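Q: This is the structure, below, for whatever I ask next.
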Amino acid sequence: MDQTSTILPPKPDARLRIYAYSIPAESHDGLLKVGQTIQDVKTRVAQQTKTVGVAARIELDESAERPDGSVFTDHQVRAHLAAKGFPVVKPSADAGREWVRCTLADVQTAIAEIRAGVRYSGTHHETFEMRKE
């Protein structure tokens, strides 16, 4: 057993995931549902959409961890998007305020910015390692 394992608790098997999905309904055009789960994302989305008979399209399924091991939440992602000018809306009376009028690239950029602790211009969300040269 190394020193690290005696100081730090073991990481749990269940890991927080951020997801986004869209549904093919006129009332939800241009909207993405941004949520979080420790379950399989397909299972979680099915729990939310199966009872109303809606075929959701999962647009994003990503870890909610930063490089240092800390996590961020769907609330932070939506707040970050709202601060950038993307409205968080309630598209119908029975919907929650987890829908954002934005694109997949906008959500990916918000996640990258939260992870890095910086703000990018445009929809920068790809990360690349520096070349060894």
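Starting from 1 in every chain, residues are counted up; chains themselves are A, B, ... following the order of the structure tokens, and ligands are numbered from 1 as listed.
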Let's see if you can do this: from backbone DSSP, list all strand (DSSP E or B) residues in chain A, as JSON, numbers by chain.
A: {"A": [17, 18, 19, 20, 21, 22, 31, 32, 33, 34, 35, 36, 37, 57, 58, 59, 60, 61, 62, 63, 65, 71, 88, 89, 99, 100, 101]}
Q: Name all residues at most 6 Å from stretch 37-52 of chain A (count only C-alpha atoms; drop same-chain ones fewer than 4 positions away) and give them as a list in words.
A: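 Skipping anything fewer than 4 positions along the chain leaves Ala14, Arg15, Leu16 and Arg17 of chain A.
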Q: Can you spit out the residues from that selection as a compact mmCIF listing (two decimals), in the first residue's frame, using C-alpha atoms?
A:
# COMPACT_ATOMS: atom_id res chain seq x y z
CA ALA A 14 -20.14 5.82 -9.46
CA ARG A 15 -18.83 8.92 -11.22
CA LEU A 16 -20.81 12.09 -11.88
CA ARG A 17 -21.65 12.64 -15.56
Q: Would you mind listing, for every residue of stretch 25-83 of chain A within 6 Å of stretch 88-108 of chain A, the two atoms forming the shortest contact and the distance between them in Å to one decimal, using only C-alpha atoms, sorted by chain and ascending residue number, as CSV?
A:
residue,atom,partner,partner_atom,distance
A:Gly30,CA,A:Arg101,CA,5.6
A:Leu31,CA,A:Arg101,CA,4.5
A:Leu32,CA,A:Val100,CA,5.4
A:Lys33,CA,A:Trp99,CA,4.4
A:Val34,CA,A:Glu98,CA,5.8
Q: With all heavy atoms retained, could you export that selection as a PDB file, in the first residue's frame?
A:
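Contents of the output file again.pdb:
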ATOM      1  N   GLY A  30     -34.220  24.060 -30.725  1.00  0.00           N
ATOM      2  CA  GLY A  30     -33.074  24.875 -30.312  1.00  0.00           C
ATOM      3  C   GLY A  30     -32.736  24.770 -28.843  1.00  0.00           C
ATOM      4  O   GLY A  30     -31.890  25.501 -28.351  1.00  0.00           O
ATOM      5  N   LEU A  31     -33.382  23.839 -28.120  1.00  0.00           N
ATOM      6  CA  LEU A  31     -33.146  23.688 -26.686  1.00  0.00           C
ATOM      7  C   LEU A  31     -32.415  22.387 -26.392  1.00  0.00           C
ATOM      8  O   LEU A  31     -32.634  21.370 -27.043  1.00  0.00           O
ATOM      9  CB  LEU A  31     -34.471  23.683 -25.918  1.00  0.00           C
ATOM     10  CG  LEU A  31     -35.319  24.941 -25.986  1.00  0.00           C
ATOM     11  CD1 LEU A  31     -36.637  24.715 -25.251  1.00  0.00           C
ATOM     12  CD2 LEU A  31     -34.584  26.126 -25.409  1.00  0.00           C
ATOM     13  N   LEU A  32     -31.570  22.428 -25.382  1.00  0.00           N
ATOM     14  CA  LEU A  32     -30.913  21.231 -24.872  1.00  0.00           C
ATOM     15  C   LEU A  32     -31.207  21.123 -23.379  1.00  0.00           C
ATOM     16  O   LEU A  32     -31.140  22.111 -22.651  1.00  0.00           O
ATOM     17  CB  LEU A  32     -29.401  21.300 -25.074  1.00  0.00           C
ATOM     18  CG  LEU A  32     -28.894  21.187 -26.501  1.00  0.00           C
ATOM     19  CD1 LEU A  32     -27.382  21.390 -26.541  1.00  0.00           C
ATOM     20  CD2 LEU A  32     -29.254  19.840 -27.098  1.00  0.00           C
ATOM     21  N   LYS A  33     -31.533  19.930 -22.935  1.00  0.00           N
ATOM     22  CA  LYS A  33     -31.717  19.644 -21.513  1.00  0.00           C
ATOM     23  C   LYS A  33     -30.347  19.301 -20.980  1.00  0.00           C
ATOM     24  O   LYS A  33     -29.694  18.364 -21.459  1.00  0.00           O
ATOM     25  CB  LYS A  33     -32.679  18.467 -21.334  1.00  0.00           C
ATOM     26  CG  LYS A  33     -32.609  17.764 -19.984  1.00  0.00           C
ATOM     27  CD  LYS A  33     -33.317  18.539 -18.923  1.00  0.00           C
ATOM     28  CE  LYS A  33     -33.725  17.668 -17.749  1.00  0.00           C
ATOM     29  NZ  LYS A  33     -32.702  17.352 -16.799  1.00  0.00           N
ATOM     30  N   VAL A  34     -29.856  20.059 -20.010  1.00  0.00           N
ATOM     31  CA  VAL A  34     -28.543  19.830 -19.425  1.00  0.00           C
ATOM     32  C   VAL A  34     -28.761  19.304 -18.010  1.00  0.00           C
ATOM     33  O   VAL A  34     -29.385  19.963 -17.187  1.00  0.00           O
ATOM     34  CB  VAL A  34     -27.697  21.123 -19.397  1.00  0.00           C
ATOM     35  CG1 VAL A  34     -26.348  20.874 -18.742  1.00  0.00           C
ATOM     36  CG2 VAL A  34     -27.514  21.677 -20.806  1.00  0.00           C
TER      37      VAL A  34
END
Q: Env of A:Pro24: 8 Å cut, atoms = only C-alpha atoms, seq-sep filter 6 positions within chain, self excluded. Answer as a VMD selection string.
A: chain A and resid 54 to 56
